[in-house]
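A short write-up of the structure that comes next.
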Amino acid sequence: MRRRRLKENLGGYLYLLPALVILLAFRIIPILFSVRVSLYDWTMAGPRKFVGLGNYLQVLSDSMFWRSLLNTFWYVIFTVPIMLFLSLFIAVLLNQKIRALGLYRTIYYLPVVTSIVAVSIVWKWLYNPERGLLNYLLSLVHLGPVRWLEDPRGLISIILSPLKINLPEWLAGPSVALCAIIIMSVWKGLGYNIVIFLAGLQNIPHQYYEAAKIDGAGSFNLFRHITWPLLSPTTFYILIMSTITAFEAFAQVWIMTGPPPGGPLGTTKVVMYYFYEQSFELWRLGYGASIAFIAFIIILVLTIIQRQVLERRVQYG
Amino acid sequence: MAKAKLTRFVIHLVLIVLGLGMFLPFYWMLSTAVKTPVESLRFPPTLIPEQWRFSNFIEIFREIPLHRYFLNTLFVALMVLIGVMFTSLLAAYAFARFRFWGRELVFMVFLALMMIPLPVYLVPSYMILYKLGWIDTYLALIVPWTVNIFSIFLLRQHIKTIPQDLFDAAQIDGCGSFRTLWQVVVPLSKPVLVTIAIFDIISSWNSFFWPLIVTHSESIRPLQVGLAYFSREYSTNYPLLMAASTLAVLPLIVLYFFAQKQIIQSYARAGLKE
C-alpha cells in the first residue's frame, strides 16, 4: 500500500515535470526575481545599485507615468463600454432566425483572427490625413478632414470648445489620435465578444421567451426582463476580460503613432508602451519592473472592484 | 405578418451596413495592394484600381526577406505547438488522474500564474534568456511558450469527465499509465486537442510583443516583427505595405475559412469555461 502511494506520487510528479520545469524557469522564478530587480537601479551592462523603494517612489512622481496611466484610463473607459454594447446589440440581431447568418458571423469575426500588426498598418493607411480613405468618405458628407493620428486635441475639450470652456489637461479627454486607436481596437475585438455573447444567448431557454410572449411582453420587455438578467454572467465575463485586454494594448501604438511612438505630444503613450520604452529602449530594467508591478496592482484592484460591485447583480442560472 | 417582414428587413439593413464597415479595411488593404504607387496616392482615391498590379506581391519578396520571416514563424509555431501538446497532455493527465502530495496546491499555483500579466515577468525573463545566451535565437521564441496553463486547465477538465471504468479496464488489460494516456485519453480528447491547437496556432502566428523584445537580427525575425519594422522603414510605399499585410493575414484567414466552425466553437467554449 505504501509503495503504491509512493509510486503514484512519483508518477504524478513525473508527468508534471516538463510543465513544471518550464514554468519555474520562465514564470515563477522571473516573478520572484522581478521583485528584487525592482528594488535596484539595474541596467543591462553597468553597475547595479540597491535603491530600496526608490524606483517605486520615482515612478509615482513621474509625470510621464501618470500621463500614460491617464491615456490608458481613457482608452479603457471608451473601448470597454462601446465594445460591450455594440457586440451585445449585434449578437442579439444575429440571434434571430434570419438568412445569411453564417456570412454575417464570418465578416464580423474576421478581424479577430488577423494580426494586430497587419491591421494596425492597414488602419494607419485608412487614417492618412491627406490620402486616406476615411477622410475621403468624410469629405463626401462635407466633413473633415480630420488629422486622425496627428491630432493631440482632447475629445471633451473639442466638444466643449464652442462654449469657450478651458479644461485642465487631465480632463481634456482622449486625444483625437487616441480615439482613432480606440475605434480600431473596437473594430478588432468586436467579433470575439459577439461570439461569446451569442453563446450566452443560445443558453437561454426558449420557453422563457414563449411564456413571456403569451403574457403579452413586447420585445423591449423581453430583453429587459429575460435576456439582460440571464446574460449577466456573460456580460460580467466580457467586462473583466476586455478591461484586462485593454490594459495590454501595445502594438497599435508602436505601429500607428509617431515617430516617436506615443505621439502626438505623448497622448497615445499607454502604460504598456511606457513600460516597454523604459525597460527595452532605455534599458532601465529596475524602473521597468516597478512600473509593471504598479500597473499590475492597479489592474488587480480594478478587477476586484468590478467583482465586488457587479457580482451581486449577476444572476446565475 | 407585414410587421415581422419589416423587422427582418431592418435587421438585415443594420447588419449589412455594419458588416460593410467591418469589411471596409480588408477591402482597402486588398485594393491598395494591387495599385501602382502613383495611383495609391491619388486623391480622391480610386475605389476600384485602374491598373491591377499583381506583381506587387512578388516585388515585396525582393524588398524584404519575407520568405525568411514566413519560415521562421512557421518553424516557431510548429515547435511551440508540439511542446504545448506534449506538456499539456502530461500535466493535465497528472492533475486529473493521479493523487500526489500537494496536487491541489500546485494546481492553484498554476491558475494563479495565469492571472499575472506578461510585463510582471518580462524583465527578469529577458535577463534569464540573456544569461542562457538565448537572446536572438529560436530557443527564446520557442521554449518559454511550450507551456500553456489555459490548455492544461481545459484538458484537465476534460480528462476528469472520462469515466473511471475505462481506466480500470485499461489497467486490467495491463496498460501502464503512459500507454493509457496514449491509447485511451488522447483518442477521447480530440475535440479539446483541436481547440488547444487552434488557439496555439493563432496566438503563435500573431505574437508580436515577445518576439519584438527577444530578437534582433533579421535572420530569425518572425513575420509580425518583420512586417512591423518594414512598416516603419517604407512608410509611404502603400501598395507594398498592403501587399505584405495581405500575405501576413492570408494564412490565418484561409485557416479560418476551412475551420470556421471549430474556431468559433473553441472561442465560445473557452470563454464560457471560466
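Here, A, B, ... name the chains of the C-alpha cells in the order displayed, residue numbers run from 1 inside each chain, and ligands are numbered from 1 in the same displayed order.
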
Output the contact residues of chain B with respect to chain A at a cut-off of 6 Å, based on only C-alpha atoms, as an mmCIF file with N, CA, C and O atoms, in the first residue's frame.
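iface_37.cif, freshly written:
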data_model
loop_
_atom_site.group_PDB
_atom_site.id
_atom_site.type_symbol
_atom_site.label_atom_id
_atom_site.label_comp_id
_atom_site.auth_asym_id
_atom_site.auth_seq_id
_atom_site.Cartn_x
_atom_site.Cartn_y
_atom_site.Cartn_z
ATOM 1 N N PHE B 43 -5.790 61.453 -54.925
ATOM 2 C CA PHE B 43 -6.908 61.869 -54.096
ATOM 3 C C PHE B 43 -7.826 62.752 -54.904
ATOM 4 O O PHE B 43 -7.369 63.722 -55.493
ATOM 5 N N THR B 87 3.467 18.978 -23.153
ATOM 6 C CA THR B 87 3.411 19.356 -21.738
ATOM 7 C C THR B 87 1.977 19.393 -21.217
ATOM 8 O O THR B 87 1.724 18.999 -20.079
ATOM 9 N N LEU B 90 0.597 15.754 -20.622
ATOM 10 C CA LEU B 90 1.207 15.125 -19.449
ATOM 11 C C LEU B 90 0.717 15.779 -18.159
ATOM 12 O O LEU B 90 0.294 15.095 -17.219
ATOM 13 N N ALA B 91 0.747 17.097 -18.126
ATOM 14 C CA ALA B 91 0.378 17.788 -16.888
ATOM 15 C C ALA B 91 -1.105 17.616 -16.571
ATOM 16 O O ALA B 91 -1.483 17.356 -15.418
ATOM 17 N N ALA B 94 -1.699 14.232 -15.212
ATOM 18 C CA ALA B 94 -1.258 14.148 -13.815
ATOM 19 C C ALA B 94 -2.295 14.766 -12.882
ATOM 20 O O ALA B 94 -2.679 14.169 -11.876
ATOM 21 N N PHE B 98 -3.935 11.394 -11.183
ATOM 22 C CA PHE B 98 -3.009 10.940 -10.145
ATOM 23 C C PHE B 98 -3.328 11.606 -8.826
ATOM 24 O O PHE B 98 -3.755 12.761 -8.802
ATOM 25 N N PHE B 100 -1.345 12.895 -5.839
ATOM 26 C CA PHE B 100 0.001 13.108 -5.285
ATOM 27 C C PHE B 100 -0.021 14.257 -4.297
ATOM 28 O O PHE B 100 -0.917 15.105 -4.323
ATOM 29 N N PRO B 119 4.060 41.763 -18.459
ATOM 30 C CA PRO B 119 5.100 42.715 -18.048
ATOM 31 C C PRO B 119 5.733 42.380 -16.701
ATOM 32 O O PRO B 119 6.903 42.684 -16.482
ATOM 33 N N VAL B 120 4.972 41.745 -15.820
ATOM 34 C CA VAL B 120 5.498 41.475 -14.481
ATOM 35 C C VAL B 120 6.697 40.530 -14.540
ATOM 36 O O VAL B 120 7.633 40.670 -13.767
ATOM 37 N N TYR B 121 6.683 39.582 -15.465
ATOM 38 C CA TYR B 121 7.828 38.676 -15.512
ATOM 39 C C TYR B 121 8.712 38.867 -16.741
ATOM 40 O O TYR B 121 9.668 38.133 -16.957
ATOM 41 N N PRO B 124 12.753 40.101 -15.890
ATOM 42 C CA PRO B 124 13.650 39.026 -15.457
ATOM 43 C C PRO B 124 13.725 37.870 -16.450
ATOM 44 O O PRO B 124 14.793 37.253 -16.557
ATOM 45 N N SER B 125 12.633 37.589 -17.170
ATOM 46 C CA SER B 125 12.707 36.547 -18.190
ATOM 47 C C SER B 125 13.776 36.908 -19.218
ATOM 48 O O SER B 125 14.552 36.061 -19.655
ATOM 49 N N PRO B 144 10.084 29.218 -23.818
ATOM 50 C CA PRO B 144 9.202 29.769 -22.777
ATOM 51 C C PRO B 144 7.717 29.597 -23.082
ATOM 52 O O PRO B 144 6.889 29.678 -22.184
ATOM 53 N N VAL B 147 4.688 25.870 -22.595
ATOM 54 C CA VAL B 147 3.675 25.525 -21.605
ATOM 55 C C VAL B 147 2.566 26.554 -21.707
ATOM 56 O O VAL B 147 2.836 27.749 -21.762
ATOM 57 N N ASN B 206 0.342 35.284 -34.600
ATOM 58 C CA ASN B 206 0.148 36.718 -34.422
ATOM 59 C C ASN B 206 1.011 37.336 -33.333
ATOM 60 O O ASN B 206 0.951 38.533 -33.107
ATOM 61 N N SER B 245 0.984 43.116 -45.780
ATOM 62 C CA SER B 245 -0.036 42.866 -44.766
ATOM 63 C C SER B 245 -0.992 41.769 -45.224
ATOM 64 O O SER B 245 -1.377 40.898 -44.443
ATOM 65 N N VAL B 249 -1.751 38.160 -43.232
ATOM 66 C CA VAL B 249 -3.014 37.707 -42.636
ATOM 67 C C VAL B 249 -3.634 36.548 -43.407
ATOM 68 O O VAL B 249 -4.506 35.849 -42.902
ATOM 69 N N ALA B 268 -15.885 30.216 -28.122
ATOM 70 C CA ALA B 268 -17.094 30.294 -27.298
ATOM 71 C C ALA B 268 -16.963 29.364 -26.102
ATOM 72 O O ALA B 268 -17.241 29.738 -24.967
#

Set the distance at 12 Å and use only C-alpha atoms: which residues neighbour Tyr130 of chain B once local chain neighbours fewer than 2 positions away are removed? I'd like the list as a PDB file with C-alpha atoms, in the first residue's frame.
ATOM      1  CA  MET A  44      21.908  45.844 -18.669  1.00  0.00           C
ATOM      2  CA  ALA A  45      25.651  46.425 -18.508  1.00  0.00           C
TER       3      ALA A  45
ATOM      4  CA  VAL B 123      12.168  41.921 -17.480  1.00  0.00           C
ATOM      5  CA  PRO B 124      13.650  39.026 -15.457  1.00  0.00           C
ATOM      6  CA  SER B 125      12.707  36.547 -18.190  1.00  0.00           C
ATOM      7  CA  TYR B 126      14.774  38.642 -20.543  1.00  0.00           C
ATOM      8  CA  MET B 127      17.688  38.559 -18.095  1.00  0.00           C
ATOM      9  CA  ILE B 128      17.443  34.777 -17.769  1.00  0.00           C
ATOM     10  CA  LEU B 132      21.492  31.481 -21.065  1.00  0.00           C
ATOM     11  CA  GLY B 133      22.754  33.093 -24.257  1.00  0.00           C
ATOM     12  CA  TRP B 134      19.373  32.521 -25.869  1.00  0.00           C
ATOM     13  CA  ILE B 135      18.592  36.107 -26.861  1.00  0.00           C
ATOM     14  CA  ASP B 136      18.230  36.324 -30.625  1.00  0.00           C
ATOM     15  CA  THR B 137      17.898  32.548 -31.055  1.00  0.00           C
ATOM     16  CA  LEU B 139      15.131  28.934 -28.324  1.00  0.00           C
ATOM     17  CA  ALA B 140      13.998  32.258 -26.858  1.00  0.00           C
ATOM     18  CA  ILE B 213      11.944  42.066 -27.479  1.00  0.00           C
ATOM     19  CA  VAL B 214      13.931  38.828 -27.721  1.00  0.00           C
ATOM     20  CA  THR B 215      15.022  39.014 -31.376  1.00  0.00           C
TER      21      THR B 215
END

Which residues of segment 83-146 of chain A come within 12 Å of segment 221-230 of chain A, and what is each one's closest atom pair and distance in Å (one decimal), counting only C-alpha atoms, sorted by chain and residue number, as a Markdown table?
| residue | atom | partner | partner_atom | distance |
| --- | --- | --- | --- | --- |
| A:Phe85 | CA | A:Trp228 | CA | 11.6 |
| A:Leu88 | CA | A:Trp228 | CA | 9.8 |
| A:Phe89 | CA | A:Phe223 | CA | 10.9 |
| A:Ala91 | CA | A:Thr227 | CA | 11.5 |
| A:Val92 | CA | A:Thr227 | CA | 9.1 |
| A:Leu93 | CA | A:Phe223 | CA | 11.8 |
| A:Asn95 | CA | A:Thr227 | CA | 11.4 |

Take the residues just selected and output them with C-alpha atoms as a compact mmCIF listing (two decimals), in the first residue's frame.
# COMPACT_ATOMS: atom_id res chain seq x y z
CA PHE A 85 -22.90 47.43 -26.09
CA LEU A 88 -24.39 42.77 -27.47
CA PHE A 89 -26.51 44.67 -29.97
CA ALA A 91 -25.30 39.42 -31.07
CA VAL A 92 -28.99 39.98 -30.33
CA LEU A 93 -29.63 40.72 -34.01
CA ASN A 95 -29.61 35.51 -32.60

Atom pair atom CA of Ala77 of chain B + atom CA of Thr257 of chain A, distance 28.8 Å
